[in-house]
$ cat run_22.cif   # mmCIF, C-alpha atoms
data_my_file
loop_
_atom_site.group_PDB
_atom_site.id
_atom_site.type_symbol
_atom_site.label_atom_id
_atom_site.label_comp_id
_atom_site.auth_asym_id
_atom_site.auth_seq_id
_atom_site.Cartn_x
_atom_site.Cartn_y
_atom_site.Cartn_z
ATOM 1 C CA MET A 1 95.181 -75.587 -16.644
ATOM 2 C CA THR A 2 93.614 -72.546 -18.216
ATOM 3 C CA GLU A 3 94.760 -69.834 -20.526
ATOM 4 C CA SER A 4 93.405 -66.292 -20.434
ATOM 5 C CA CYS A 5 91.771 -64.866 -23.545
ATOM 6 C CA SER A 6 92.421 -61.150 -23.480
ATOM 7 C CA LEU A 7 89.872 -60.461 -26.213
ATOM 8 C CA LEU A 8 86.865 -61.606 -24.159
ATOM 9 C CA ASN A 9 88.448 -61.662 -20.717
ATOM 10 C CA LEU A 10 87.404 -65.338 -20.413
ATOM 11 C CA GLN A 11 89.285 -68.345 -19.051
ATOM 12 C CA ILE A 12 89.643 -70.932 -21.885
ATOM 13 C CA PRO A 13 90.295 -74.396 -20.382
ATOM 14 C CA SER A 14 92.924 -76.723 -21.889
ATOM 15 C CA PHE A 15 91.362 -79.783 -23.520
ATOM 16 C CA THR A 16 94.552 -81.868 -23.330
ATOM 17 C CA LYS A 17 98.024 -81.411 -22.022
ATOM 18 C CA HIS A 18 98.693 -79.359 -25.133
ATOM 19 C CA ARG A 19 98.291 -75.622 -24.515
ATOM 20 C CA TYR A 20 96.011 -74.251 -27.231
ATOM 21 C CA SER A 21 95.911 -70.666 -28.328
ATOM 22 C CA ILE A 22 92.787 -69.004 -29.578
ATOM 23 C CA THR A 23 94.121 -69.063 -33.157
ATOM 24 C CA ASP A 24 94.308 -72.862 -33.100
ATOM 25 C CA PHE A 25 90.519 -73.116 -33.327
ATOM 26 C CA GLY A 26 90.157 -70.852 -36.320
ATOM 27 C CA PRO A 27 87.291 -68.435 -36.989
ATOM 28 C CA ASN A 28 84.664 -70.964 -35.809
ATOM 29 C CA ILE A 29 85.660 -70.864 -32.151
ATOM 30 C CA PHE A 30 82.612 -68.813 -31.298
ATOM 31 C CA SER A 31 80.194 -70.780 -33.492
ATOM 32 C CA ARG A 32 77.330 -72.797 -32.010
ATOM 33 C CA ARG A 33 78.749 -75.992 -33.597
ATOM 34 C CA PHE A 34 81.969 -75.550 -31.628
ATOM 35 C CA PHE A 35 80.191 -75.319 -28.301
ATOM 36 C CA LYS A 36 77.929 -78.307 -29.121
ATOM 37 C CA SER A 37 81.007 -80.441 -29.732
ATOM 38 C CA ILE A 38 82.241 -79.900 -26.190
ATOM 39 C CA SER A 39 81.197 -82.398 -23.500
ATOM 40 C CA PHE A 40 78.369 -81.166 -21.257
ATOM 41 C CA SER A 41 80.608 -81.754 -18.282
ATOM 42 C CA HIS A 42 83.050 -79.233 -19.647
ATOM 43 C CA PRO A 43 82.882 -75.759 -18.035
ATOM 44 C CA LEU A 44 82.431 -74.092 -21.420
ATOM 45 C CA SER A 45 79.239 -76.111 -22.023
ATOM 46 C CA LYS A 46 77.527 -73.861 -19.497
ATOM 47 C CA PHE A 47 78.272 -70.791 -21.573
ATOM 48 C CA GLN A 48 75.098 -69.156 -22.900
ATOM 49 C CA PRO A 49 75.010 -66.265 -25.355
ATOM 50 C CA CYS A 50 73.771 -63.070 -23.758
ATOM 51 C CA ARG A 51 70.173 -62.291 -24.594
ATOM 52 C CA VAL A 52 69.416 -58.623 -25.190
ATOM 53 C CA SER A 53 65.815 -57.663 -24.585
ATOM 54 C CA ARG A 54 64.170 -55.444 -27.139
ATOM 55 C CA PRO A 55 63.222 -51.969 -25.944
ATOM 56 C CA THR A 56 59.524 -51.636 -25.249
ATOM 57 C CA ARG A 57 57.498 -48.596 -26.165
ATOM 58 C CA ALA A 58 55.293 -47.146 -23.470
ATOM 59 C CA THR A 59 51.649 -46.986 -24.424
ATOM 60 C CA SER A 60 48.897 -45.116 -22.678
ATOM 61 C CA ALA A 61 45.259 -46.121 -22.611
ATOM 62 C CA PRO A 62 42.710 -43.408 -23.282
ATOM 63 C CA MET A 63 41.633 -41.734 -20.103
ATOM 64 C CA GLU A 64 38.051 -41.951 -19.000
ATOM 65 C CA VAL A 65 36.197 -39.278 -17.040
ATOM 66 C CA GLU A 66 35.758 -40.464 -13.472
ATOM 67 C CA ARG A 67 32.247 -40.170 -12.098
ATOM 68 C CA SER A 68 31.070 -40.965 -8.610
ATOM 69 C CA GLU A 69 28.505 -43.699 -8.115
ATOM 70 C CA GLY A 70 24.983 -42.672 -9.062
ATOM 71 C CA SER A 71 26.092 -39.349 -10.510
ATOM 72 C CA SER A 72 25.078 -39.938 -14.116
ATOM 73 C CA ALA A 73 22.814 -37.268 -15.543
ATOM 74 C CA ASN A 74 21.394 -39.674 -18.101
ATOM 75 C CA SER A 75 19.160 -41.543 -15.686
ATOM 76 C CA GLY A 76 15.681 -42.717 -16.546
ATOM 77 C CA SER A 77 14.460 -42.060 -20.053
ATOM 78 C CA SER A 78 16.529 -38.915 -20.645
ATOM 79 C CA PRO A 79 18.575 -39.152 -23.859
ATOM 80 C CA PRO A 80 22.367 -38.819 -23.481
ATOM 81 C CA MET A 81 23.725 -35.290 -23.704
ATOM 82 C CA LYS A 82 25.886 -34.424 -26.716
ATOM 83 C CA LEU A 83 28.769 -32.475 -25.206
ATOM 84 C CA LEU A 84 29.912 -29.276 -26.911
ATOM 85 C CA PHE A 85 32.406 -27.769 -24.465
ATOM 86 C CA VAL A 86 33.422 -27.527 -20.807
ATOM 87 C CA GLU A 87 33.718 -24.362 -18.705
ATOM 88 C CA MET A 88 35.853 -24.347 -15.556
ATOM 89 C CA GLY A 89 36.055 -21.954 -12.653
ATOM 90 C CA VAL A 90 37.058 -21.444 -9.037
ATOM 91 C CA GLY A 91 35.255 -19.581 -6.259
ATOM 92 C CA TYR A 92 36.271 -18.340 -2.821
ATOM 93 C CA ASP A 93 34.553 -17.280 0.365
ATOM 94 C CA GLN A 94 37.233 -15.502 2.376
ATOM 95 C CA HIS A 95 34.945 -14.232 5.124
ATOM 96 C CA GLY A 96 31.813 -15.710 6.636
ATOM 97 C CA GLN A 97 32.658 -19.370 5.966
ATOM 98 C CA ASN A 98 29.812 -19.912 3.489
ATOM 99 C CA ILE A 99 30.480 -22.866 1.193
ATOM 100 C CA THR A 100 27.397 -22.124 -0.947
ATOM 101 C CA ALA A 101 28.728 -18.643 -1.688
ATOM 102 C CA ALA A 102 32.058 -20.141 -2.759
ATOM 103 C CA ALA A 103 30.280 -22.661 -5.029
ATOM 104 C CA MET A 104 28.138 -19.955 -6.629
ATOM 105 C CA ARG A 105 31.224 -17.860 -7.331
ATOM 106 C CA ALA A 106 32.966 -20.890 -8.845
ATOM 107 C CA CYS A 107 30.056 -21.451 -11.240
ATOM 108 C CA GLY A 108 29.892 -17.746 -12.030
ATOM 109 C CA ASP A 109 33.606 -17.762 -12.773
ATOM 110 C CA ALA A 110 33.140 -20.732 -15.124
ATOM 111 C CA ILE A 111 30.471 -19.068 -17.260
ATOM 112 C CA SER A 112 31.365 -15.385 -16.951
ATOM 113 C CA SER A 113 33.996 -15.297 -19.703
ATOM 114 C CA ASN A 114 32.006 -17.319 -22.244
ATOM 115 C CA SER A 115 29.259 -16.474 -24.703
ATOM 116 C CA ILE A 116 27.130 -19.137 -26.401
ATOM 117 C CA PRO A 117 25.428 -17.595 -29.457
ATOM 118 C CA ALA A 118 25.172 -20.917 -31.305
ATOM 119 C CA PHE A 119 21.980 -21.971 -29.534
ATOM 120 C CA ARG A 120 20.111 -18.689 -30.091
ATOM 121 C CA ARG A 121 21.238 -18.263 -33.714
ATOM 122 C CA GLY A 122 20.429 -21.811 -34.769
ATOM 123 C CA SER A 123 24.035 -22.588 -35.688
ATOM 124 C CA ILE A 124 23.509 -26.226 -34.753
ATOM 125 C CA PRO A 125 21.113 -27.771 -37.288
ATOM 126 C CA GLY A 126 17.970 -29.117 -35.692
ATOM 127 C CA VAL A 127 18.830 -27.785 -32.221
ATOM 128 C CA SER A 128 16.805 -24.969 -30.674
ATOM 129 C CA PHE A 129 17.682 -22.712 -27.768
ATOM 130 C CA ASP A 130 15.473 -24.590 -25.298
ATOM 131 C CA GLN A 131 17.433 -27.794 -25.933
ATOM 132 C CA MET A 132 20.581 -26.500 -24.231
ATOM 133 C CA LYS A 133 21.631 -28.820 -21.381
ATOM 134 C CA LEU A 134 24.061 -28.404 -18.501
ATOM 135 C CA GLN A 135 25.862 -30.775 -16.176
ATOM 136 C CA ILE A 136 27.646 -29.261 -13.185
ATOM 137 C CA LYS A 137 30.466 -30.846 -11.226
ATOM 138 C CA LEU A 138 31.687 -29.232 -8.012
ATOM 139 C CA GLY A 139 34.801 -29.991 -6.002
ATOM 140 C CA VAL A 140 33.866 -29.237 -2.379
ATOM 141 C CA PRO A 141 35.733 -30.095 0.852
ATOM 142 C CA HIS A 142 34.148 -33.265 2.209
ATOM 143 C CA SER A 143 33.343 -31.853 5.641
ATOM 144 C CA LEU A 144 31.324 -28.992 4.066
ATOM 145 C CA GLN A 145 29.287 -30.862 1.454
ATOM 146 C CA LYS A 146 26.204 -31.220 3.694
ATOM 147 C CA SER A 147 26.097 -27.427 4.093
ATOM 148 C CA LEU A 148 25.937 -26.821 0.332
ATOM 149 C CA ASP A 149 22.639 -25.408 -0.977
ATOM 150 C CA ILE A 150 22.296 -26.935 -4.458
ATOM 151 C CA GLU A 151 19.232 -24.867 -5.407
ATOM 152 C CA LYS A 152 21.095 -21.624 -4.808
ATOM 153 C CA VAL A 153 23.982 -22.882 -6.918
ATOM 154 C CA LYS A 154 21.558 -23.643 -9.777
ATOM 155 C CA SER A 155 20.276 -20.076 -9.669
ATOM 156 C CA VAL A 156 23.627 -18.865 -11.039
ATOM 157 C CA PHE A 157 22.807 -20.211 -14.505
ATOM 158 C CA PRO A 158 20.538 -17.859 -16.505
ATOM 159 C CA TYR A 159 19.458 -20.490 -19.066
ATOM 160 C CA GLY A 160 19.927 -24.112 -20.014
ATOM 161 C CA LYS A 161 18.320 -27.198 -18.522
ATOM 162 C CA ILE A 162 20.419 -28.433 -15.592
ATOM 163 C CA MET A 163 20.582 -32.219 -15.878
ATOM 164 C CA ASN A 164 22.374 -32.779 -12.571
ATOM 165 C CA VAL A 165 24.766 -31.284 -10.042
ATOM 166 C CA GLU A 166 27.521 -33.660 -8.983
ATOM 167 C CA VAL A 167 29.439 -32.920 -5.795
ATOM 168 C CA VAL A 168 32.789 -34.632 -5.232
ATOM 169 C CA ASP A 169 35.605 -34.279 -2.727
ATOM 170 C CA GLY A 170 37.766 -31.354 -3.730
ATOM 171 C CA GLY A 171 38.274 -27.669 -3.166
ATOM 172 C CA LEU A 172 40.204 -26.428 -0.173
ATOM 173 C CA ILE A 173 39.936 -25.012 3.320
ATOM 174 C CA CYS A 174 42.792 -22.670 4.099
ATOM 175 C CA SER A 175 43.488 -19.668 6.278
ATOM 176 C CA SER A 176 42.655 -16.210 4.990
ATOM 177 C CA GLY A 177 45.207 -14.879 7.461
ATOM 178 C CA VAL A 178 42.721 -12.706 9.326
ATOM 179 C CA HIS A 179 39.594 -13.133 11.449
ATOM 180 C CA VAL A 180 37.157 -10.258 10.808
ATOM 181 C CA GLU A 181 34.123 -10.523 13.092
ATOM 182 C CA GLU A 182 32.255 -7.595 11.503
ATOM 183 C CA MET A 183 32.266 -9.551 8.209
ATOM 184 C CA GLY A 184 30.662 -12.573 9.838
ATOM 185 C CA ASP A 185 33.838 -14.564 10.399
ATOM 186 C CA LYS A 186 33.654 -17.379 12.929
ATOM 187 C CA ASN A 187 37.355 -18.046 12.361
ATOM 188 C CA ASP A 188 39.984 -17.273 9.705
ATOM 189 C CA ASP A 189 38.980 -20.131 7.373
ATOM 190 C CA CYS A 190 38.732 -19.461 3.642
ATOM 191 C CA TYR A 191 36.589 -21.865 1.589
ATOM 192 C CA ILE A 192 37.508 -22.679 -2.003
ATOM 193 C CA VAL A 193 35.351 -24.576 -4.525
ATOM 194 C CA ASN A 194 36.193 -25.784 -8.048
ATOM 195 C CA ALA A 195 33.540 -26.031 -10.748
ATOM 196 C CA ALA A 196 33.270 -27.716 -14.144
ATOM 197 C CA VAL A 197 30.224 -26.937 -16.299
ATOM 198 C CA TYR A 198 29.495 -29.282 -19.198
ATOM 199 C CA VAL A 199 27.430 -27.676 -21.961
ATOM 200 C CA GLY A 200 25.638 -29.612 -24.658
ATOM 201 C CA TYR A 201 22.216 -30.538 -26.046
#
$ encode --input "run_22.cif" --output "structure tokens"
Amino acid sequence: MTESCSLLNLQIPSFTKHRYSITDFGPNIFSRRFFKSISFSHPLSKFQPCRVSRPTRATSAPMEVERSEGSSANSGSSPPMKLLFVEMGVGYDQHGQNITAAAMRACGDAISSNSIPAFRRGSIPGVSFDQMKLQIKLGVPHSLQKSLDIEKVKSVFPYGKIMNVEVVDGGLICSSGVHVEEMGDKNDDCYIVNAAVYVGY
């Protein structure tokens, strides 16, 4: 025989033939001592208080710059470069399908809107103009990377010692929408290259 408890919507079993009401047990009905006093074979002995998990706060680890294997510019005895800032650009070759031209335009775009007077004016104590260093990272479609002329890309930079040029999968091959043979087009492909130029000393 059971009696329904409307407060908790639970079925409270009868312990004897007497029908108990919830008020018969007093304010301690929900205490741990009350439940311990009940035989383990009793259905209520299986009752466990609900555990509420504490909310967790999401944490993020500091991101690290991804570099492809063997791409470090600090190889050999060269001291590590102290990074000052990063220039970014994008270059296109809409006609002629020349990935080197797209890469050169990407590097030109990265440096064309920046001026670096600090090196020439001695704004950095103990650092002269000839100590300026560059690291170049290019995003180039994988299938076109072997066609890239790195030396021509380096010629875009008027000054600064180029520590390395890193080429990774990136960029884009898309349609320019038109095939113009007189402009050297073999098809309507447009090549796009992304560039990041790291400047330091």
$ closest_atom_pairs --input "run_22.cif" --of "segment 84-168 of chain A" --to "segment 177-183 of chain A" --cutoff "10 Å" --atoms "all atoms listed in the file" --output "CSV"
residue,atom,partner,partner_atom,distance
A:Gln94,CA,A:Val178,CA,9.3
A:His95,CA,A:Met183,CA,6.2
A:Gly96,CA,A:Met183,CA,6.4
$ atom_distance --input "run_22.cif" --atom1 "atom CA of Gly139 of chain A" --atom2 "atom CA of Ser176 of chain A"
19.3 Å
$ residues_around --input "run_22.cif" --residues "Asp189 of chain A" --least-positions-apart "3" --cutoff "7 Å" --atoms "only C-alpha atoms" --output "PyMOL selection string"
chain A and resi 97+173-176
$ write_last_selection --input "run_22.cif" --atoms "C-alpha atoms" --output "PDB file, in the coordinates of the input"
ATOM      1  CA  GLN A  97      32.658 -19.370   5.966  1.00  0.00           C
ATOM      2  CA  ILE A 173      39.936 -25.012   3.320  1.00  0.00           C
ATOM      3  CA  CYS A 174      42.792 -22.670   4.099  1.00  0.00           C
ATOM      4  CA  SER A 175      43.488 -19.668   6.278  1.00  0.00           C
ATOM      5  CA  SER A 176      42.655 -16.210   4.990  1.00  0.00           C
TER       6      SER A 176
END
$ closest_residue --input "run_22.cif" --among "A:Ala101, A:Leu134, A:Met81, A:Val167" --to "Ala195 of chain A" --atoms "all atoms listed in the file"
A:Val167
$ residues_around --input "run_22.cif" --residues "segment 107-122 of chain A" --least-positions-apart "5" --cutoff "12 Å" --atoms "only C-alpha atoms" --output "ChimeraX atom specification"
/A:84-92,100-102,127-139,150,152-160,165,192-201
$ write_last_selection --input "run_22.cif" --atoms "C-alpha atoms" --output "compact mmCIF listing (two decimals), in the coordinates of the input"
# COMPACT_ATOMS: atom_id res chain seq x y z
CA LEU A 84 29.91 -29.28 -26.91
CA PHE A 85 32.41 -27.77 -24.46
CA VAL A 86 33.42 -27.53 -20.81
CA GLU A 87 33.72 -24.36 -18.70
CA MET A 88 35.85 -24.35 -15.56
CA GLY A 89 36.06 -21.95 -12.65
CA VAL A 90 37.06 -21.44 -9.04
CA GLY A 91 35.26 -19.58 -6.26
CA TYR A 92 36.27 -18.34 -2.82
CA THR A 100 27.40 -22.12 -0.95
CA ALA A 101 28.73 -18.64 -1.69
CA ALA A 102 32.06 -20.14 -2.76
CA VAL A 127 18.83 -27.78 -32.22
CA SER A 128 16.80 -24.97 -30.67
CA PHE A 129 17.68 -22.71 -27.77
CA ASP A 130 15.47 -24.59 -25.30
CA GLN A 131 17.43 -27.79 -25.93
CA MET A 132 20.58 -26.50 -24.23
CA LYS A 133 21.63 -28.82 -21.38
CA LEU A 134 24.06 -28.40 -18.50
CA GLN A 135 25.86 -30.78 -16.18
CA ILE A 136 27.65 -29.26 -13.18
CA LYS A 137 30.47 -30.85 -11.23
CA LEU A 138 31.69 -29.23 -8.01
CA GLY A 139 34.80 -29.99 -6.00
CA ILE A 150 22.30 -26.94 -4.46
CA LYS A 152 21.10 -21.62 -4.81
CA VAL A 153 23.98 -22.88 -6.92
CA LYS A 154 21.56 -23.64 -9.78
CA SER A 155 20.28 -20.08 -9.67
CA VAL A 156 23.63 -18.86 -11.04
CA PHE A 157 22.81 -20.21 -14.50
CA PRO A 158 20.54 -17.86 -16.50
CA TYR A 159 19.46 -20.49 -19.07
CA GLY A 160 19.93 -24.11 -20.01
CA VAL A 165 24.77 -31.28 -10.04
CA ILE A 192 37.51 -22.68 -2.00
CA VAL A 193 35.35 -24.58 -4.53
CA ASN A 194 36.19 -25.78 -8.05
CA ALA A 195 33.54 -26.03 -10.75
CA ALA A 196 33.27 -27.72 -14.14
CA VAL A 197 30.22 -26.94 -16.30
CA TYR A 198 29.50 -29.28 -19.20
CA VAL A 199 27.43 -27.68 -21.96
CA GLY A 200 25.64 -29.61 -24.66
CA TYR A 201 22.22 -30.54 -26.05
$ atom_distance --input "run_22.cif" --atom1 "atom CA of Pro141 of chain A" --atom2 "atom CA of Gly171 of chain A"
5.3 Å
$ closest_residue --input "run_22.cif" --among "A:Gly184, A:Lys161, A:Leu144, A:Lys82" --to "Ile124 of chain A" --atoms "all atoms listed in the file"
A:Lys82
